[in-house]
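Okay, so here's the structure we're looking at.
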Amino acid sequence: MILELQHIDKTYLQGKMEVPVLKDISLSVDTGEYVAIMGPSGSGKTTLMNIIGCLDLPTAGTYSLAGENIIGSSESKLSEIRLNSIGFVFQSFHLLPRQSAAENVALPLLYAGVPRKQRRERAIRALERVGLGDRVDFKPNQLSGGQCQRVAIARAIVNNPKILLADEPTGALDSQSGSQIMELFQMLNEEGVTIVMITHDSDVASHAKRILHIRDGRFAEQHETAETEVTS
Ligand code: ADP
Ligand code: MG
C-alpha cells in the first residue's frame, strides 16, 4: 500500500466559525494504481489532494505514505517527501514564465542539490519523454497550453517520483491536448508510477483504473466497492 489515509477530517477556521471540508475520508492506494477522484466544485478535491501531497495536514485522522507516518513528521521531512516521492501537476501548469522549458523542469533537481550539468541533462531527458525534445529552450509563452502541461509533467517526473498527483490536469486544455496528457499518464502508469488524478470530467476520469466520487467532503461510496470497469 503506497498511500493509506484513514478517517481524515479537515476543518478550516473561518474567523470563529469552523468549516468542515473533509469528513471521515478513508483511502488506500496500492503501488502502481491509477485512481481518479471526481466531484463537483467545492466538494473538497483540492483540499484532499493537498493532504495527499503533504502540502497540508488534516485536522484528524491518520496518513501513511510508503510506510511513513505523515501526521507526526516535521516540516523538513515533509518537504523532503514532496521533493523525492511526489510529482505534482496542476490545472494552470505553474511554470516560471521567464525560465526555459529545461530550466523549469530542472527546478526540483536544483532544490535537490544536483549539479548544473546533470540538471540540464536530466531535464532534457524528461522533456524527451514527454515528446518535447525539440522545445527545451522555449519559454512558456512560446509554447501551447498542451505543451506547457507536458513541461509541467516533465518537471513532475524528473526526480522519478513514486506518485504522481494531478489536480484537474486537463482543465485548461482543449480536448486534443487533453488526450495527449492522458496518453502520457497512461505511459507513466505502465512504467509503474502510481497516479492520483482529480477531475470533474468523466471522459478524463475513464482513463483511470478506479474512480472515486467525492461530494460535500465525503466519498460517495466506499472505494473498496467502487471498482469501475472501464472499457475504451
Ligand atoms: P474543490 O477542489 O473540490 O473545488 P476545495 O478543496 O478547493 O474544493 O474546497 C472545498 C471547500 O473548502 C470549499 O467550500 C472552500 O471554500 C473551502 N476551503 C478551501 N480552502 C480553504 C481555506 N484555506 N480556508 C477556508 N475554507 C477553505
Ligand atoms: Mg479544486
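If you're wondering about the labels, chains in the C-alpha cells are A, B, ... by order shown, residues count from 1 in each chain, ligands from 1 in order shown.
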Would you write out, as a Markdown table, a table of all residues in chain A that have an atom no more than 8 Å from an atom of ligand 2, listing for each the closest atom pair and the distance in Å to one decimal, considering only C-alpha atoms and all ligand atoms and ordering rows by chain and rising residue number?
```
| residue | atom | partner | partner_atom_place_in_ligand_line | distance |
| --- | --- | --- | --- | --- |
| A:Ser41 | CA | ligand 2 | 1 (Mg) | 6.6 |
| A:Gly42 | CA | ligand 2 | 1 (Mg) | 6.9 |
| A:Gly44 | CA | ligand 2 | 1 (Mg) | 7.0 |
| A:Lys45 | CA | ligand 2 | 1 (Mg) | 5.4 |
| A:Thr46 | CA | ligand 2 | 1 (Mg) | 4.1 |
| A:Thr47 | CA | ligand 2 | 1 (Mg) | 7.3 |
| A:Asp167 | CA | ligand 2 | 1 (Mg) | 6.8 |
| A:Glu168 | CA | ligand 2 | 1 (Mg) | 7.4 |
```
Please produce a file of those selected residues containing all heavy atoms, as a compact mmCIF listing (two decimals), in the first residue's frame.
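Produced file out-v5.txt, reproduced below:
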```
# COMPACT_ATOMS: atom_id res chain seq x y z
N SER A 41 -17.41 21.19 -7.97
CA SER A 41 -16.62 22.28 -7.42
C SER A 41 -16.98 22.49 -5.95
O SER A 41 -18.15 22.45 -5.58
CB SER A 41 -16.91 23.53 -8.24
OG SER A 41 -16.16 24.59 -7.75
N GLY A 42 -15.96 22.65 -5.11
CA GLY A 42 -16.20 22.90 -3.69
C GLY A 42 -16.39 21.65 -2.87
O GLY A 42 -16.63 21.73 -1.66
N GLY A 44 -14.19 19.46 -2.05
CA GLY A 44 -13.04 19.14 -1.20
C GLY A 44 -11.90 18.44 -1.93
O GLY A 44 -10.96 17.96 -1.29
N LYS A 45 -11.95 18.40 -3.27
CA LYS A 45 -10.95 17.65 -4.04
C LYS A 45 -9.54 18.21 -3.84
O LYS A 45 -8.59 17.47 -3.58
CB LYS A 45 -11.31 17.68 -5.54
CG LYS A 45 -12.68 17.12 -5.87
CD LYS A 45 -12.94 17.09 -7.37
CE LYS A 45 -12.92 18.44 -8.06
NZ LYS A 45 -13.99 19.37 -7.62
N THR A 46 -9.41 19.52 -3.99
CA THR A 46 -8.07 20.13 -3.87
C THR A 46 -7.57 20.02 -2.43
O THR A 46 -6.38 19.75 -2.20
CB THR A 46 -8.10 21.59 -4.36
OG1 THR A 46 -8.40 21.58 -5.76
CG2 THR A 46 -6.78 22.29 -4.13
N THR A 47 -8.47 20.19 -1.48
CA THR A 47 -8.09 20.03 -0.07
C THR A 47 -7.54 18.62 0.17
O THR A 47 -6.49 18.46 0.81
CB THR A 47 -9.32 20.28 0.83
OG1 THR A 47 -9.82 21.60 0.56
CG2 THR A 47 -8.97 20.15 2.29
N ASP A 167 -4.08 17.68 -10.25
CA ASP A 167 -5.33 18.37 -9.89
C ASP A 167 -5.89 19.03 -11.15
O ASP A 167 -5.36 20.04 -11.59
CB ASP A 167 -5.04 19.40 -8.79
CG ASP A 167 -6.32 19.97 -8.17
OD1 ASP A 167 -7.42 19.73 -8.72
OD2 ASP A 167 -6.21 20.67 -7.15
N GLU A 168 -6.90 18.43 -11.73
CA GLU A 168 -7.53 18.92 -12.97
C GLU A 168 -6.48 19.16 -14.08
O GLU A 168 -6.42 20.26 -14.64
CB GLU A 168 -8.28 20.24 -12.70
CG GLU A 168 -9.35 20.16 -11.63
CD GLU A 168 -10.69 19.69 -12.15
OE1 GLU A 168 -10.77 19.29 -13.34
OE2 GLU A 168 -11.66 19.69 -11.36
```
Give the residue list for ligand 1 at 9 Å, counting only C-alpha atoms and all ligand atoms, as a VMD selection string, sorted by chain and then by residue number. chain A and resid 10 to 14 18 to 22 38 to 50 167 to 168 198 200 214 to 217
Could you go through chain A and tell me which residues DSSP, when run on the backbone, assigns to strand (DSSP E), listing them as a ChimeraX atom specification? /A:3-14,17-29,34-38,60-65,68-69,86-90,163-167,194-199,210-215,218-219
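By chain and then residue number, the residues within 7 Å of region 146-152 of chain A are A:Val89, A:Phe93, A:Leu95, A:Ala101, A:Val105, A:Leu127, A:Val130, A:Pro140, A:Leu173, A:Ser177, counting only C-alpha atoms and disregarding those fewer than 5 positions away in sequence.
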Expected file contents, prior selection, N, CA, C and O atoms, as an mmCIF file, in the first residue's frame:
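File written: result.cif
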```cif
data_model
loop_
_atom_site.group_PDB
_atom_site.id
_atom_site.type_symbol
_atom_site.label_atom_id
_atom_site.label_comp_id
_atom_site.auth_asym_id
_atom_site.auth_seq_id
_atom_site.Cartn_x
_atom_site.Cartn_y
_atom_site.Cartn_z
ATOM 1 N N VAL A 89 1.129 17.906 -10.663
ATOM 2 C CA VAL A 89 0.693 18.554 -11.907
ATOM 3 C C VAL A 89 -0.589 19.331 -11.589
ATOM 4 O O VAL A 89 -1.510 18.774 -10.973
ATOM 5 N N PHE A 93 -0.588 24.774 -14.734
ATOM 6 C CA PHE A 93 0.803 24.447 -15.082
ATOM 7 C C PHE A 93 1.830 24.889 -14.033
ATOM 8 O O PHE A 93 2.766 24.166 -13.753
ATOM 9 N N LEU A 95 4.255 27.137 -14.253
ATOM 10 C CA LEU A 95 5.624 27.261 -14.782
ATOM 11 C C LEU A 95 6.142 28.673 -14.505
ATOM 12 O O LEU A 95 5.363 29.622 -14.446
ATOM 13 N N ALA A 101 11.860 25.867 -20.866
ATOM 14 C CA ALA A 101 11.290 24.562 -20.518
ATOM 15 C C ALA A 101 12.293 23.750 -19.699
ATOM 16 O O ALA A 101 11.955 23.214 -18.632
ATOM 17 N N VAL A 105 11.908 22.452 -15.825
ATOM 18 C CA VAL A 105 11.933 21.019 -15.493
ATOM 19 C C VAL A 105 13.042 20.722 -14.478
ATOM 20 O O VAL A 105 12.895 19.852 -13.615
ATOM 21 N N LEU A 127 12.133 15.948 -20.808
ATOM 22 C CA LEU A 127 11.381 16.612 -21.884
ATOM 23 C C LEU A 127 11.248 15.686 -23.085
ATOM 24 O O LEU A 127 10.212 15.678 -23.764
ATOM 25 N N VAL A 130 8.343 13.324 -22.657
ATOM 26 C CA VAL A 130 7.004 13.880 -22.897
ATOM 27 C C VAL A 130 6.867 14.428 -24.316
ATOM 28 O O VAL A 130 5.914 15.146 -24.629
ATOM 29 N N PRO A 140 7.712 29.424 -21.659
ATOM 30 C CA PRO A 140 6.284 29.060 -21.639
ATOM 31 C C PRO A 140 5.426 29.839 -22.642
ATOM 32 O O PRO A 140 4.539 29.257 -23.268
ATOM 33 N N LEU A 173 -7.240 22.770 -20.925
ATOM 34 C CA LEU A 173 -6.791 22.369 -22.262
ATOM 35 C C LEU A 173 -7.952 22.002 -23.178
ATOM 36 O O LEU A 173 -9.011 21.560 -22.724
ATOM 37 N N SER A 177 -5.373 18.268 -26.794
ATOM 38 C CA SER A 177 -4.217 18.370 -25.885
ATOM 39 C C SER A 177 -4.473 17.544 -24.642
ATOM 40 O O SER A 177 -3.562 16.896 -24.112
#
```
Residues near Asp9 (chain A), cut-off 6 Å, only C-alpha atoms, skip fewer than 4 positions along chain, as a CSV table (one decimal) with N, CA, C and O atoms, in the first residue's frame:
```
chain,number,residue,atom,x,y,z
A,22,LEU,N,-13.4,18.2,4.8
A,22,LEU,CA,-13.3,16.7,4.5
A,22,LEU,C,-13.9,16.0,5.8
A,22,LEU,O,-13.6,16.4,6.9
A,23,LYS,N,-14.7,15.0,5.5
A,23,LYS,CA,-15.4,14.3,6.6
A,23,LYS,C,-15.2,12.8,6.5
A,23,LYS,O,-15.7,12.2,5.7
A,24,ASP,N,-14.3,12.3,7.4
A,24,ASP,CA,-14.1,10.9,7.5
A,24,ASP,C,-13.7,10.2,6.2
A,24,ASP,O,-14.3,9.2,5.8
A,58,PRO,N,-4.1,17.1,7.8
A,58,PRO,CA,-5.5,17.0,8.2
A,58,PRO,C,-5.7,17.5,9.7
A,58,PRO,O,-4.8,17.6,10.4
A,59,THR,N,-7.0,17.7,10.0
A,59,THR,CA,-7.4,18.1,11.4
A,59,THR,C,-7.4,16.9,12.2
A,59,THR,O,-7.0,16.9,13.4
A,60,ALA,N,-7.8,15.7,11.6
A,60,ALA,CA,-7.8,14.5,12.3
A,60,ALA,C,-7.7,13.3,11.3
A,60,ALA,O,-7.9,13.5,10.1
```
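Nearest-residue note for Leu184 (chain A): choosing from A:Pro161, A:Gly145, A:Gly171, A:Gly131, the minimum distance belongs to A:Gly131, counting only C-alpha atoms.
Minimum distance to Leu164 (chain A) across A:Asn84, A:Gln142, A:Ser64, A:Ser76 (counting only C-alpha atoms) occurs at A:Asn84.
The shell of residues at most 7 Å from Lys139 (chain A), with only C-alpha atoms counted and near chain neighbours (fewer than 4 positions) removed, consists of Pro97, Arg98, Gln99, Ser100, Ala101 and Leu143 of chain A.
Between CA of Glu190 (chain A) and CA of Val114 (chain A) the interatomic distance comes to 27.2 Å.
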Neighbouring residues of Ser73 (chain A) were defined as those with any atom within 12 Å, considering only C-alpha atoms; residues of the same chain fewer than 6 positions away were excluded. Please report them as a ChimeraX atom specification. /A:54,56-57,62-65,79-81
Generate the output file for the selected residues, C-alpha atoms, as a tab-separated table (two decimals), in the first residue's frame.
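The result, stored in part08.tsv:
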```
chain	number	residue	atom	x	y	z
A	54	CYS	CA	1.87	16.62	2.10
A	56	ASP	CA	-1.27	20.44	4.19
A	57	LEU	CA	-2.08	18.35	7.26
A	62	THR	CA	-4.01	9.04	10.05
A	63	TYR	CA	-1.97	9.05	6.88
A	64	SER	CA	0.95	6.91	5.86
A	65	LEU	CA	2.82	7.29	2.60
A	79	SER	CA	9.40	18.85	2.15
A	80	GLU	CA	11.87	16.03	1.57
A	81	ILE	CA	8.94	13.67	0.84
```
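Across the structure, CA of Tyr34 (chain A) and CA of Asp201 (chain A) are spaced 15.7 Å apart.
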Let me make sure I understand: among A:Leu83, A:Leu78, A:Ala154, A:Leu165, which one has the smallest atom-to-atom distance to Leu132 (chain A) if we use only C-alpha atoms? A:Ala154
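From CA of Gly53 (chain A) back to CA of Glu68 (chain A), the distance works out to 13.2 Å.
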If you count only C-alpha atoms, the residue of A:Ile124, A:Ala102, A:Glu33, A:Gln6 closest to Ile71 (chain A) turns out to be A:Gln6
From a backbone DSSP assignment, name each residue in region 6-232 of chain A labelled helix (DSSP H, G or I), as a VMD selection string. chain A and resid 45 to 52 75 to 85 101 to 111 116 to 129 140 to 142 145 to 157 175 to 190 202 to 205 223 to 225
